[in-house]
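upload.txt (compact mmCIF, C-alpha atoms)
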```txt
# COMPACT_ATOMS: atom_id res chain seq x y z
CA ARG Q 1 -38.04 -15.68 -66.60
CA ASN Q 2 -39.45 -14.91 -63.15
CA THR Q 3 -37.88 -18.10 -61.81
CA SER Q 4 -34.48 -17.12 -63.24
CA LEU Q 5 -34.70 -13.65 -61.69
CA ALA Q 6 -35.65 -15.10 -58.33
CA ARG Q 7 -32.67 -17.44 -58.47
CA ARG Q 8 -30.28 -14.57 -59.25
CA GLN Q 9 -31.69 -12.52 -56.37
CA LEU Q 10 -31.38 -15.48 -54.04
CA GLY Q 11 -27.75 -15.98 -55.13
CA ARG Q 12 -26.92 -12.32 -54.46
CA GLN Q 13 -28.52 -12.56 -50.99
CA ARG Q 14 -26.52 -15.68 -50.18
CA HIS Q 15 -23.30 -13.99 -51.34
CA ARG Q 16 -24.05 -10.91 -49.24
CA PHE Q 17 -24.91 -13.10 -46.26
CA ARG Q 18 -21.63 -15.01 -46.61
CA ARG Q 19 -19.67 -11.74 -46.88
CA GLU Q 20 -21.41 -10.23 -43.83
CA SER Q 21 -21.02 -13.47 -41.92
CA SER Q 22 -17.30 -13.54 -42.73
CA THR Q 23 -16.94 -9.91 -41.62
CA CYS Q 24 -18.84 -10.67 -38.42
CA LYS Q 25 -16.58 -13.63 -37.65
CA THR Q 26 -13.49 -11.50 -38.26
CA LEU Q 27 -14.78 -8.78 -35.94
CA CYS Q 28 -15.64 -11.37 -33.29
CA ARG Q 29 -12.14 -12.84 -33.47
CA LEU Q 30 -10.61 -9.38 -33.20
CA LEU Q 31 -12.81 -8.53 -30.21
CA GLU Q 32 -11.92 -11.82 -28.50
CA THR Q 33 -8.22 -11.09 -29.02
CA MET Q 34 -8.60 -7.58 -27.55
CA LEU Q 35 -10.51 -8.91 -24.55
CA ALA Q 36 -7.90 -11.61 -23.97
CA ARG Q 37 -5.15 -9.02 -24.08
CA GLY Q 38 -7.09 -6.87 -21.65
CA ARG Q 39 -7.48 -9.78 -19.27
CA ARG Q 40 -3.81 -10.67 -19.47
CA GLY Q 41 -2.64 -7.07 -19.24
CA TYR Q 42 1.05 -6.27 -19.33
CA GLN Q 43 3.23 -9.29 -20.03
CA THR Q 44 6.58 -9.36 -18.19
CA SER Q 45 9.52 -10.50 -20.27
CA ALA Q 46 11.55 -13.50 -19.15
CA LYS Q 47 14.61 -11.25 -19.03
CA ALA Q 48 12.98 -8.86 -16.53
CA LEU Q 49 11.71 -11.68 -14.36
CA ASN Q 50 15.07 -13.46 -14.37
CA TYR Q 51 16.72 -10.23 -13.26
CA CYS Q 52 14.40 -10.03 -10.25
CA VAL Q 53 14.90 -13.68 -9.32
CA GLU Q 54 18.69 -13.38 -9.51
CA LEU Q 55 18.67 -10.13 -7.53
CA VAL Q 56 16.66 -11.66 -4.69
CA GLN Q 57 18.73 -14.85 -4.72
CA GLU Q 58 21.97 -12.85 -4.54
CA ARG Q 59 21.02 -10.26 -1.93
CA ASP Q 60 18.29 -11.92 0.16
CA VAL Q 61 18.66 -15.68 -0.06
CA GLU Q 62 16.24 -16.27 2.83
CA ARG Q 63 13.45 -14.41 1.03
CA TYR Q 64 14.39 -16.31 -2.12
CA LEU Q 65 13.80 -19.62 -0.31
CA CYS Q 66 10.50 -18.35 1.13
CA ASN Q 67 9.35 -17.42 -2.37
CA LEU Q 68 10.18 -20.90 -3.65
CA SER Q 69 7.92 -22.35 -0.96
CA ALA Q 70 4.99 -20.22 -2.22
CA PRO Q 71 2.53 -21.49 -4.88
CA ALA Q 72 4.20 -21.49 -8.30
CA ALA Q 73 1.59 -19.21 -9.88
CA VAL Q 74 2.36 -16.34 -7.51
CA ARG Q 75 6.16 -16.60 -7.49
CA PRO Q 76 6.77 -14.14 -10.38
CA ALA Q 77 4.83 -11.44 -8.54
CA LEU Q 78 6.65 -12.17 -5.27
CA PHE Q 79 10.06 -11.88 -6.91
CA ALA Q 80 9.01 -8.61 -8.53
CA LEU Q 81 7.83 -7.20 -5.19
CA HIS Q 82 10.93 -8.31 -3.32
CA ALA Q 83 13.25 -6.97 -6.02
CA PHE Q 84 11.46 -3.63 -5.62
CA ASN Q 85 11.95 -3.88 -1.86
CA LEU Q 86 15.69 -4.52 -2.26
CA GLU Q 87 16.21 -1.74 -4.77
CA THR Q 88 14.45 0.87 -2.65
CA ALA Q 89 15.99 -0.35 0.63
CA ARG Q 90 19.49 0.31 -0.69
CA VAL Q 91 18.81 3.90 -1.81
CA ARG Q 92 20.02 5.35 1.49
CA SER Q 93 23.27 3.38 1.50
CA SER Q 94 23.95 4.01 -2.20
CA THR Q 95 24.74 7.71 -1.71
CA ARG Q 96 25.92 10.10 0.97
CA GLU Q 97 23.92 12.96 -0.53
CA PRO Q 98 20.38 13.15 0.91
CA GLN Q 99 19.21 15.20 -2.06
CA ILE Q 100 20.30 12.50 -4.51
CA ALA Q 101 18.51 9.88 -2.41
CA ARG Q 102 15.31 11.95 -2.52
CA MET Q 103 15.58 12.32 -6.28
CA ARG Q 104 15.79 8.52 -6.57
CA PHE Q 105 12.66 8.15 -4.47
CA VAL Q 106 10.88 10.65 -6.74
CA TRP Q 107 11.88 8.47 -9.69
CA TRP Q 108 10.59 5.34 -7.95
CA ARG Q 109 7.25 7.03 -7.20
CA SER Q 110 6.66 7.91 -10.83
CA THR Q 111 7.94 4.47 -11.87
CA VAL Q 112 5.49 2.66 -9.58
CA THR Q 113 2.61 4.79 -10.84
CA ALA Q 114 3.53 4.00 -14.45
CA ALA Q 115 4.00 0.30 -13.69
CA LEU Q 116 0.60 -0.02 -12.04
CA ARG Q 117 -0.86 1.65 -15.14
CA GLY Q 118 0.78 -1.00 -17.32
CA GLU Q 119 3.27 1.46 -18.83
CA PRO Q 120 6.59 0.81 -17.04
CA PRO Q 121 9.86 2.46 -18.09
CA ASP Q 122 12.79 0.46 -19.42
CA ASN Q 123 13.70 -1.03 -16.05
CA PRO Q 124 13.45 -4.78 -15.28
CA VAL Q 125 12.02 -4.32 -11.79
CA ALA Q 126 9.42 -1.83 -13.04
CA GLN Q 127 8.48 -4.19 -15.88
CA ALA Q 128 8.12 -7.11 -13.47
CA LEU Q 129 5.93 -4.96 -11.21
CA ALA Q 130 3.70 -4.09 -14.16
CA GLY Q 131 3.25 -7.80 -14.83
CA ALA Q 132 2.47 -8.45 -11.16
CA ALA Q 133 -0.10 -5.64 -11.15
CA ALA Q 134 -1.75 -7.05 -14.30
CA GLY Q 135 -2.04 -10.47 -12.70
CA GLY Q 136 -3.77 -9.18 -9.58
CA GLY Q 137 -4.82 -5.80 -8.27
CA LEU Q 138 -2.01 -4.23 -6.25
CA THR Q 139 -2.78 -1.24 -4.03
CA GLY Q 140 -0.57 1.73 -4.84
CA ARG Q 141 -0.89 2.95 -1.26
CA PHE Q 142 1.31 0.13 0.02
CA PHE Q 143 4.07 0.95 -2.48
CA HIS Q 144 3.98 4.61 -1.52
CA GLN Q 145 4.01 3.78 2.19
CA MET Q 146 7.25 1.87 1.64
CA LEU Q 147 8.76 4.71 -0.34
CA GLU Q 148 7.69 7.37 2.17
CA ALA Q 149 9.07 5.38 5.11
CA ARG Q 150 12.43 4.95 3.38
CA GLU Q 151 12.61 8.55 2.26
CA ASP Q 152 11.84 9.75 5.81
CA ASP Q 153 14.64 7.43 6.89
CA VAL Q 154 17.26 9.31 4.82
CA ASP Q 155 17.78 11.96 7.53
CA THR Q 156 17.09 9.73 10.54
CA THR Q 157 20.01 8.71 12.73
CA GLN Q 158 17.87 6.94 15.33
CA PRO Q 159 14.11 6.45 15.90
CA ALA Q 160 12.84 8.60 18.75
CA ASP Q 161 10.85 5.81 20.40
CA ARG Q 162 9.52 2.30 19.97
CA ALA Q 163 6.31 3.56 18.37
CA GLU Q 164 8.31 5.21 15.58
CA LEU Q 165 10.24 1.99 15.00
CA LEU Q 166 7.04 -0.04 14.77
CA ARG Q 167 5.53 2.44 12.30
CA TYR Q 168 8.60 2.04 10.13
CA CYS Q 169 8.29 -1.77 10.24
CA GLU Q 170 4.57 -1.62 9.45
CA ARG Q 171 5.13 0.68 6.46
CA THR Q 172 8.01 -1.38 5.03
CA ALA Q 173 7.89 -5.09 5.91
CA GLY Q 174 4.16 -4.91 6.69
CA SER Q 175 3.29 -3.22 3.39
CA LEU Q 176 5.41 -5.74 1.50
CA LEU Q 177 3.46 -8.62 3.03
CA HIS Q 178 0.14 -6.94 2.23
CA LEU Q 179 1.23 -6.61 -1.40
CA SER Q 180 2.28 -10.27 -1.46
CA LEU Q 181 -1.15 -11.31 -0.23
CA GLU Q 182 -2.86 -9.08 -2.82
CA ALA Q 183 -0.72 -10.52 -5.61
CA SER Q 184 -1.92 -14.01 -4.73
CA GLY Q 185 -5.57 -12.98 -4.55
CA VAL Q 186 -5.94 -13.68 -0.82
CA ALA Q 187 -9.04 -12.00 0.62
CA ALA Q 188 -8.12 -9.01 2.78
CA ASP Q 189 -10.21 -9.88 5.84
CA GLU Q 190 -9.41 -8.63 9.35
CA PRO Q 191 -7.51 -11.73 10.61
CA THR Q 192 -5.33 -11.81 7.47
CA GLU Q 193 -4.51 -8.10 7.65
CA SER Q 194 -3.73 -8.34 11.37
CA ALA Q 195 -1.50 -11.37 10.87
CA ALA Q 196 0.38 -9.65 8.04
CA LEU Q 197 0.88 -6.58 10.22
CA HIS Q 198 2.22 -8.63 13.15
CA VAL Q 199 4.54 -10.68 10.93
CA GLY Q 200 5.71 -7.46 9.29
CA CYS Q 201 6.64 -5.98 12.67
CA ALA Q 202 8.46 -9.16 13.71
CA VAL Q 203 10.36 -9.42 10.42
CA GLY Q 204 11.16 -5.71 10.43
CA ILE Q 205 12.59 -5.68 13.95
CA ALA Q 206 14.56 -8.89 13.45
CA THR Q 207 16.00 -7.63 10.16
CA LEU Q 208 17.02 -4.28 11.65
CA LEU Q 209 18.69 -5.94 14.65
CA ARG Q 210 20.51 -8.30 12.31
CA GLY Q 211 21.78 -5.37 10.25
CA ALA Q 212 22.95 -3.29 13.24
CA ALA Q 213 26.64 -3.54 12.28
CA HIS Q 214 25.93 -2.35 8.73
CA HIS Q 215 23.80 0.52 10.00
CA ALA Q 216 26.47 1.56 12.50
CA GLU Q 217 28.97 1.87 9.64
CA GLN Q 218 26.57 4.35 8.05
CA GLY Q 219 26.23 6.33 11.29
CA ALA Q 220 22.72 5.12 12.12
CA SER Q 221 20.97 2.84 14.60
CA TYR Q 222 17.43 1.48 14.66
CA ILE Q 223 17.42 0.90 18.41
CA PRO Q 224 15.03 3.66 19.53
CA ALA Q 225 16.34 6.44 21.76
CA ASP Q 226 13.82 5.71 24.53
CA VAL Q 227 14.75 2.00 24.62
CA ALA Q 228 18.48 2.81 24.61
CA GLN Q 229 18.10 5.36 27.41
CA ARG Q 230 16.05 2.95 29.50
CA HIS Q 231 19.02 0.57 29.50
CA GLY Q 232 21.75 3.20 29.71
CA ALA Q 233 23.05 2.76 26.17
CA SER Q 234 24.32 5.92 24.49
CA LEU Q 235 24.16 6.61 20.76
CA LYS Q 236 27.94 6.46 20.72
CA GLN Q 237 27.79 2.88 22.04
CA LEU Q 238 25.17 1.97 19.44
CA LEU Q 239 27.43 3.23 16.65
CA SER Q 240 30.69 1.87 18.04
CA GLY Q 241 30.38 -1.58 16.54
CA ARG Q 242 31.40 -3.07 19.90
CA PRO Q 243 29.07 -5.02 22.21
CA SER Q 244 28.19 -3.76 25.68
CA ALA Q 245 25.81 -4.88 28.40
CA PRO Q 246 23.46 -1.87 27.99
CA LEU Q 247 23.34 -2.41 24.23
CA CYS Q 248 22.58 -6.13 24.64
CA ASP Q 249 19.81 -5.34 27.12
CA ALA Q 250 18.25 -2.86 24.70
CA ALA Q 251 18.45 -5.41 21.88
CA ALA Q 252 16.85 -8.03 24.13
CA GLU Q 253 13.88 -5.74 24.76
CA LEU Q 254 13.34 -5.28 21.02
CA ALA Q 255 13.76 -8.99 20.40
CA HIS Q 256 11.03 -9.63 22.98
CA GLU Q 257 8.81 -7.12 21.12
CA ALA Q 258 9.38 -8.99 17.86
CA THR Q 259 8.59 -12.34 19.51
CA THR Q 260 5.35 -10.91 20.89
CA HIS Q 261 4.26 -9.93 17.37
CA LEU Q 262 5.27 -13.33 16.05
CA LEU Q 263 3.13 -15.10 18.67
CA ALA Q 264 0.20 -12.76 17.98
CA ALA Q 265 0.36 -13.58 14.28
CA ARG Q 266 0.49 -17.33 14.88
CA ALA Q 267 -2.45 -17.11 17.26
CA LEU Q 268 -4.50 -16.01 14.25
CA ALA Q 269 -3.46 -19.04 12.15
CA PRO Q 270 -6.78 -20.94 12.59
CA ASP Q 271 -8.61 -17.96 11.05
CA LEU Q 272 -6.32 -17.75 7.99
CA SER Q 273 -6.66 -19.50 4.65
CA PRO Q 274 -3.94 -21.97 3.58
CA GLN Q 275 -2.95 -19.48 0.86
CA ALA Q 276 -2.41 -16.73 3.42
CA ARG Q 277 -0.35 -18.99 5.68
CA ALA Q 278 1.84 -19.96 2.71
CA LEU Q 279 2.70 -16.30 2.12
CA LEU Q 280 3.57 -15.52 5.75
CA GLN Q 281 6.67 -17.74 5.69
CA PRO Q 282 9.02 -14.76 6.37
CA ALA Q 283 7.87 -15.26 9.97
CA VAL Q 284 10.22 -18.26 10.03
CA VAL Q 285 13.16 -16.05 9.05
CA ALA Q 286 12.34 -13.68 11.92
CA GLU Q 287 12.09 -16.57 14.39
CA LEU Q 288 15.45 -18.07 13.38
CA VAL Q 289 17.20 -14.68 13.46
CA LEU Q 290 15.82 -14.01 16.95
CA GLN Q 291 16.92 -17.46 18.13
CA ARG Q 292 20.43 -16.85 16.81
CA LEU Q 293 20.50 -13.42 18.45
CA GLN Q 294 19.50 -14.95 21.78
CA ALA Q 295 22.17 -17.64 21.41
CA HIS Q 296 24.79 -14.88 21.12
CA GLY Q 297 23.62 -12.99 24.18
CA TYR Q 298 21.74 -10.37 22.12
CA ASN Q 299 25.00 -9.05 20.74
CA VAL Q 300 23.79 -7.36 17.55
CA PHE Q 301 27.41 -7.00 16.35
CA ALA Q 302 28.13 -10.76 16.44
CA PRO Q 303 29.36 -11.76 12.95
CA GLU Q 304 27.44 -15.05 13.18
CA LEU Q 305 24.18 -13.11 13.18
CA ARG Q 306 24.67 -12.16 9.53
CA GLU Q 307 25.50 -15.64 8.28
CA PRO Q 308 22.88 -17.37 6.07
CA LEU Q 309 20.26 -19.41 7.89
CA GLY Q 310 20.85 -22.27 5.46
CA LEU Q 311 19.64 -25.75 6.36
CA ARG Q 312 17.63 -24.62 9.39
CA LEU Q 313 15.49 -22.39 7.20
CA ARG Q 314 15.05 -25.05 4.53
CA THR Q 315 13.96 -27.56 7.17
CA ALA Q 316 11.53 -25.11 8.78
CA LEU Q 317 9.98 -24.23 5.41
CA ALA Q 318 9.55 -27.91 4.56
CA TRP Q 319 7.88 -28.51 7.93
CA ASN Q 320 5.53 -25.56 7.42
CA ALA Q 321 4.63 -26.75 3.93
CA ALA Q 322 3.73 -30.18 5.30
CA PHE Q 323 1.61 -28.83 8.15
CA ARG Q 324 0.36 -25.62 6.47
CA SER Q 325 1.78 -23.42 9.20
CA PHE Q 326 4.08 -20.43 9.38
```
Any chance you could give the structure as structure tokens?
Amino acid sequence: RNTSLARRQLGRQRHRFRRESSTCKTLCRLLETMLARGRRGYQTSAKALNYCVELVQERDVERYLCNLSAPAAVRPALFALHAFNLETARVRSSTREPQIARMRFVWWRSTVTAALRGEPPDNPVAQALAGAAAGGGLTGRFFHQMLEAREDDVDTTQPADRAELLRYCERTAGSLLHLSLEASGVAADEPTESAALHVGCAVGIATLLRGAAHHAEQGASYIPADVAQRHGASLKQLLSGRPSAPLCDAAAELAHEATTHLLAARALAPDLSPQARALLQPAVVAELVLQRLQAHGYNVFAPELREPLGLRLRTALAWNAAFRSF
């Protein structure tokens, strides 16, 4: 009788152990799933990512080619960042009402904050940004610097001096490069940050000179007042859409400034990781734009300046990929 009772008790203990063990395994699987989801964070839909890729390919084919030369793992984040850059850059030109432009920047600020939190609104660029932020820590400060610079730009007809122009380039093109480096997990050491800042200034100046005709149509010029005055170029000449010797001289001075930043960035190349150099490829775009500008006598209104860089850019990117340069 005692043996039978002991067997029944042992059976009940085994059954309870199996039940508890099964419950424990279920809880462990659930916890593993939750942790995996936490590690992955927000997952960008293919539709949102495709929207960003197509937007960049359509409106900034040079940046599209640079992104394709980057490591495959970081490309989704780069396309998200550059789609954000394009969308916010066009706010000023999308309306003639400054108040409407400011309202759009307010929306973008709240959208960025929500995206970095992993809770983006129903907007493909915002959703792609949330995915980029989940993949690697992105500093909100750089997003807000870009937005502040572009909002300040709504009422600006012309930068007061070269220092103001450089601040604008640092806060836009420079911040975008810093975000690109963060998205790829590149360590933010002093040489890398300095190189990104210099490339940002070079890209920013080259891009603004290239877009001078478009800006003039909107009644604005990014050639600073002090530079223009030094060469005898009036604001009326800058907005005329017609080349002049003073205007070309002013553009040449800014082109020289951009080249100086480009050389300073490349001087830091030995101190940069291969990953960082791979993400500084927009420097090639700046170099080719400046070369084309020089070939046309620094005439910022030359139609050829706005033509795609095409084969020359593809060749330069292939060369840089082979020799790990920028």
**Complete:** Correct to one decimal, the distance atom CA of Lys47 of chain Q-atom CA of Ala77 of chain Q is 14.3 Å
**Request:** Rank Q:Tyr298, Q:Phe79, Q:Phe143, Q:Phe326 by their smallest atom-to-atom distance to Asp60 of chain Q, using only C-alpha atoms, and report the top residue only.
**Result:**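 Comparing Q:Tyr298, Q:Phe79, Q:Phe143, Q:Phe326 against Asp60 of chain Q, the winner is Q:Phe79.
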**Prompt:** Quick one: of Q:Arg75, Q:Arg314, Q:Arg292, Q:Arg210, who's nearest to Ala183 of chain Q, counting all atoms listed in the file?
**Reply:**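 Among the listed residues, Q:Arg75 lies closest to Ala183 of chain Q.
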**Request:** For each of Q:Glu87, Q:Glu151, Q:Glu307, Q:Glu287, take the minimum atom-to-atom distance to Ala258 of chain Q, counting only C-alpha atoms, then give the residue where this is smallest.
**Result:**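 When distances to Ala258 of chain Q are compared using only C-alpha atoms, the smallest one comes from Q:Glu287.
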**Asked** What is the atom CA of Ala160 of chain Q to atom CA of Pro224 of chain Q distance in Å?
**Response** 5.5 Å
**Asked** Which of these, Q:Glu257, Q:Glu304, Q:Glu148, Q:Glu170, has the shortest distance to Ala195 of chain Q once you count all atoms listed in the file?
**Response** Q:Glu170
**Message:** I'd like the contact shell of Gln57 of chain Q - 12 Å cut-off, only C-alpha atoms, skipping same-chain residues fewer than 3 positions apart - returned as a list in words.
**Reply:** Asn50, Tyr51, Cys52, Val53, Glu54, Asp60, Val61, Glu62, Arg63, Tyr64, Leu65, Cys66, Asn67, Leu68, Phe79, His82, Ala83, Leu86 and Pro308 of chain Q
**Asked** Could you state the separation of atom CA of Ala245 of chain Q and atom CA of Val289 of chain Q in Å, given to one decimal place?
**Response**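 These atoms are spaced 19.8 Å apart.
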**Message:** Calculated over only C-alpha atoms, which of the candidates Q:Val56, Q:Leu177, Q:Ala251, Q:Ala101 has the smallest distance to Asp152 of chain Q?
**Reply:**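 Checking each of Q:Val56, Q:Leu177, Q:Ala251, Q:Ala101 against Asp152 of chain Q, counting only C-alpha atoms, the winner is Q:Ala101.
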**Message:** List as JSON, numbers by chain the protein and nucleic acid residues near Leu81 of chain Q, meaning an atom at most 12 Å away when only C-alpha atoms are counted, but skip any in the same chain fewer than 6 places from it.
**Reply:** {"Q": [49, 52, 53, 55, 56, 63, 64, 67, 74, 75, 87, 88, 112, 115, 124, 125, 126, 127, 128, 129, 130, 131, 132, 133, 138, 142, 143, 146, 172, 173, 175, 176, 177, 178, 179, 180, 181, 182, 183, 184]}
**Message:** Just checking: using only C-alpha atoms, which residue out of Q:Pro76, Q:Gly204, Q:Pro270, Q:Gly297 ends up closest to Pro243 of chain Q?
**Reply:** Q:Gly297
**Request:** Can you pull out every residue within 10 Å of Thr192 of chain Q, counting all atoms listed in the file, but drop anything in the same chain fewer than 4 positions away, and send it as a PyMOL selection string?
**Result:** chain Q and resi 178+181+186-188+196-198+265+268-269+271-273+276-277+280
**Message:** Which polymer residues, whether protein, DNA or RNA, lie within 12 Å of the coordinate (12.0, -24.9, 4.6) when you count only C-alpha atoms? List them as a ChimeraX atom specification, using the chain letters and numbers from the file.
**Reply:** /Q:62-70,278,281-285,288,309-326
**Message:** Excluding Gly241 of chain Q and its own-chain neighbours fewer than 4 positions away, which residues fall within 12 Å of it when counting only C-alpha atoms? Please give them as a list in words.
**Reply:** Gly211, Ala212, Ala213, His214, His215, Ala216, Glu217, Gln218, Gly219, Ala220, Ser221, Leu235, Lys236, Gln237, Leu247, Asn299, Val300, Phe301, Ala302 and Pro303 of chain Q
